[in-house]
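What's in start17.pdb: PDB, C-alpha atoms, pLDDT in the B column
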ATOM      1  CA  MET A1294      32.748 -48.266 -73.441  1.00 55.00           C
ATOM      2  CA  GLU A1295      29.786 -48.512 -71.060  1.00 61.00           C
ATOM      3  CA  SER A1296      26.926 -50.857 -71.674  1.00 57.00           C
ATOM      4  CA  THR A1297      23.447 -49.760 -70.653  1.00 64.00           C
ATOM      5  CA  GLU A1298      21.353 -52.884 -70.612  1.00 68.00           C
ATOM      6  CA  VAL A1299      17.647 -52.626 -69.968  1.00 63.00           C
ATOM      7  CA  THR A1300      16.499 -55.126 -67.365  1.00 70.00           C
ATOM      8  CA  CYS A1301      12.931 -53.969 -66.691  1.00 87.00           C
ATOM      9  CA  TRP A1302      10.396 -53.950 -69.510  1.00 93.00           C
ATOM     10  CA  GLU A1303       6.770 -52.935 -68.924  1.00 95.00           C
ATOM     11  CA  THR A1304       3.663 -53.335 -71.043  1.00 97.00           C
ATOM     12  CA  ALA A1305       2.086 -50.165 -72.423  1.00 97.00           C
ATOM     13  CA  VAL A1306      -1.115 -49.622 -74.388  1.00 98.00           C
ATOM     14  CA  LEU A1307      -1.945 -46.698 -76.705  1.00 98.00           C
ATOM     15  CA  ASP A1308      -5.351 -44.965 -76.437  1.00 97.00           C
ATOM     16  CA  GLY A1309      -7.022 -43.184 -79.348  1.00 95.00           C
ATOM     17  CA  GLY A1310      -5.641 -42.063 -82.679  1.00 93.00           C
ATOM     18  CA  PRO A1311      -4.423 -44.319 -85.473  1.00 92.00           C
ATOM     19  CA  ALA A1312      -2.677 -46.803 -83.144  1.00 94.00           C
ATOM     20  CA  ASP A1313      -5.583 -47.226 -80.695  1.00 96.00           C
ATOM     21  CA  GLY A1314      -5.236 -50.418 -78.676  1.00 97.00           C
ATOM     22  CA  LEU A1315      -1.668 -51.153 -79.767  1.00 97.00           C
ATOM     23  CA  ARG A1316       0.262 -52.912 -77.008  1.00 98.00           C
ATOM     24  CA  MET A1317       4.039 -52.815 -76.701  1.00 97.00           C
ATOM     25  CA  LYS A1318       6.925 -53.249 -74.289  1.00 97.00           C
ATOM     26  CA  VAL A1319       8.698 -50.088 -73.067  1.00 96.00           C
ATOM     27  CA  SER A1320      11.640 -49.451 -70.764  1.00 94.00           C
ATOM     28  CA  ASP A1321      12.200 -46.553 -68.369  1.00 92.00           C
ATOM     29  CA  ARG A1322       8.613 -45.272 -68.771  1.00 94.00           C
ATOM     30  CA  PRO A1323       9.166 -42.813 -71.637  1.00 96.00           C
ATOM     31  CA  ARG A1324       7.103 -39.605 -71.511  1.00 96.00           C
ATOM     32  CA  VAL A1325       6.241 -39.723 -75.211  1.00 97.00           C
ATOM     33  CA  ILE A1326       5.912 -42.471 -77.826  1.00 97.00           C
ATOM     34  CA  GLN A1327       6.112 -41.553 -81.497  1.00 96.00           C
ATOM     35  CA  VAL A1328       4.174 -43.622 -84.033  1.00 95.00           C
ATOM     36  CA  THR A1329       4.680 -43.259 -87.772  1.00 93.00           C
ATOM     37  CA  TYR A1330       2.221 -44.322 -90.431  1.00 88.00           C
ATOM     38  CA  PRO A1331       3.151 -44.586 -94.121  1.00 89.00           C
ATOM     39  CA  CYS A1332       1.408 -42.220 -96.550  1.00 88.00           C
ATOM     40  CA  ARG A1333       0.630 -43.135-100.133  1.00 85.00           C
ATOM     41  CA  VAL A1334       2.730 -41.388-102.728  1.00 83.00           C
ATOM     42  CA  GLU A1335       1.155 -41.004-106.173  1.00 84.00           C
ATOM     43  CA  ALA A1336       4.362 -40.988-108.177  1.00 80.00           C
ATOM     44  CA  ALA A1337       7.198 -42.570-106.249  1.00 72.00           C
ATOM     45  CA  PRO A1338      10.306 -40.428-106.715  1.00 76.00           C
ATOM     46  CA  PRO A1339      13.663 -42.050-107.419  1.00 79.00           C
ATOM     47  CA  GLY A1340      15.956 -42.821-104.526  1.00 80.00           C
ATOM     48  CA  GLY A1341      13.414 -44.492-102.252  1.00 77.00           C
ATOM     49  CA  VAL A1342      11.905 -41.296-100.812  1.00 81.00           C
ATOM     50  CA  ARG A1343       8.767 -41.918 -98.782  1.00 84.00           C
ATOM     51  CA  ALA A1344       6.279 -39.897 -96.755  1.00 87.00           C
ATOM     52  CA  GLU A1345       5.081 -40.777 -93.252  1.00 90.00           C
ATOM     53  CA  ALA A1346       2.569 -39.223 -90.868  1.00 91.00           C
ATOM     54  CA  VAL A1347       3.872 -38.728 -87.311  1.00 93.00           C
ATOM     55  CA  HIS A1348       1.590 -39.177 -84.291  1.00 95.00           C
ATOM     56  CA  LEU A1349       2.499 -38.636 -80.628  1.00 96.00           C
ATOM     57  CA  TYR A1350       1.178 -40.435 -77.573  1.00 97.00           C
ATOM     58  CA  ARG A1351       1.810 -38.951 -74.118  1.00 97.00           C
ATOM     59  CA  ARG A1352       2.051 -40.974 -70.929  1.00 97.00           C
ATOM     60  CA  ASP A1353      -0.871 -40.897 -68.496  1.00 97.00           C
ATOM     61  CA  TYR A1354       0.851 -40.259 -65.153  1.00 96.00           C
ATOM     62  CA  THR A1355      -2.220 -41.339 -63.168  1.00 96.00           C
ATOM     63  CA  VAL A1356      -1.562 -44.949 -64.243  1.00 95.00           C
ATOM     64  CA  THR A1357       1.263 -46.353 -62.133  1.00 91.00           C
ATOM     65  CA  SER A1358       1.033 -50.086 -62.856  1.00 93.00           C
ATOM     66  CA  GLU A1359       0.947 -52.237 -65.966  1.00 94.00           C
ATOM     67  CA  PRO A1360      -0.288 -51.752 -68.514  1.00 96.00           C
ATOM     68  CA  LEU A1361       0.978 -48.180 -68.681  1.00 97.00           C
ATOM     69  CA  ARG A1362      -1.297 -45.963 -70.772  1.00 98.00           C
ATOM     70  CA  TYR A1363      -0.393 -43.433 -73.427  1.00 98.00           C
ATOM     71  CA  GLY A1364      -3.042 -41.083 -74.815  1.00 97.00           C
ATOM     72  CA  PHE A1365      -3.142 -39.730 -78.357  1.00 97.00           C
ATOM     73  CA  ASP A1366      -2.030 -36.079 -78.550  1.00 95.00           C
ATOM     74  CA  ILE A1367      -4.267 -34.591 -81.225  1.00 91.00           C
ATOM     75  CA  ALA A1368      -2.424 -31.245 -81.067  1.00 87.00           C
ATOM     76  CA  SER A1369       0.982 -32.701 -81.883  1.00 76.00           C
ATOM     77  CA  PRO A1370       2.482 -32.202 -85.317  1.00 64.00           C
TER      78      PRO A1370
END
Starting from the file, give its structure as structure tokens.
Amino acid sequence: MESTEVTCWETAVLDGGPADGLRMKVSDRPRVIQVTYPCRVEAAPPGGVRAEAVHLYRRDYTVTSEPLRYGFDIASP
């Protein structure tokens, strides 16, 4: 079994949308970061079902040093 250890973490910041200003550590400069936000459910169904909104942030390739920047993609599902 091969081990793929990450040795280089970089700081990234999210711009716009519901996670505006959120800072995090990323590895390998991902193209997209997915953020989920819980939605209120009026009558919680049995079995622990929940609803979450999904938001995408796309990497700004013009930024080449830390902090990396990811912009909110308003057109994403």
Counting only C-alpha atoms, the residue of A:Tyr1350, A:Ser1369, A:Thr1357, A:Trp1302 that sits nearest Gly1314 (chain A):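 Smallest distance to Gly1314 (chain A) is found for A:Tyr1350.
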Counting only C-alpha atoms, closest pick from A:Val1325, A:Val1356, A:Leu1361, A:Cys1332 relative to Thr1304 (chain A) is A:Leu1361
Need to verify the contact set: Pro1360 (chain A), 9 Å, only C-alpha atoms, exclusion of same-chain residues closer than 5 positions in sequence. Can you return it as a ChimeraX atom specification? /A:1303-1306,1316
Out of A:Pro1339, A:Gly1310, A:Arg1322, A:Tyr1330, which residue has the shortest atom-to-atom distance to Tyr1354 (chain A) when counting all atoms listed in the file?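 Looking only at the distances to Tyr1354 (chain A), the closest residue turns out to be A:Arg1322.
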Nearest-residue call for Pro1331 (chain A), choices A:Glu1345, A:Asp1308, A:Glu1359, A:Asp1313, using only C-alpha atoms: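 Ranked by minimum distance to Pro1331 (chain A), first place goes to A:Glu1345.
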Between CA of Ala1312 (chain A) and CA of Thr1355 (chain A), distance in Å (one decimal):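 Interatomic distance here is 20.7 Å.
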As lines of an AutoDock Vina configuration file: centre and edge lengths in Å, one decimal, of the axis-aligned box holding region 1359-1366 of chain A with 8 Å per side:
center_x = -1.1
center_y = -44.2
center_z = -72.3
size_x = 20.1
size_y = 32.2
size_z = 28.6
Selected residue, from A:Thr1300, A:Pro1311, A:Gly1341, A:Asp1353, that lies nearest to Ile1367 (chain A) when counting all atoms listed in the file: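 Closest candidate: A:Pro1311.
CA of Arg1351 (chain A) sits 8.9 Å away from CA of Gln1327 (chain A).
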Is it possible to get the residues within 7 Å of (0.7, -36.2, -82.1) (coordinates as in the file, counting only C-alpha atoms) written as a PyMOL selection string? chain A and resi 1347-1350+1365-1370
Between CA of Arg1333 (chain A) and CA of Leu1307 (chain A), measure the distance and give it in Å to one decimal.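 Distance between the two atoms: 23.8 Å.
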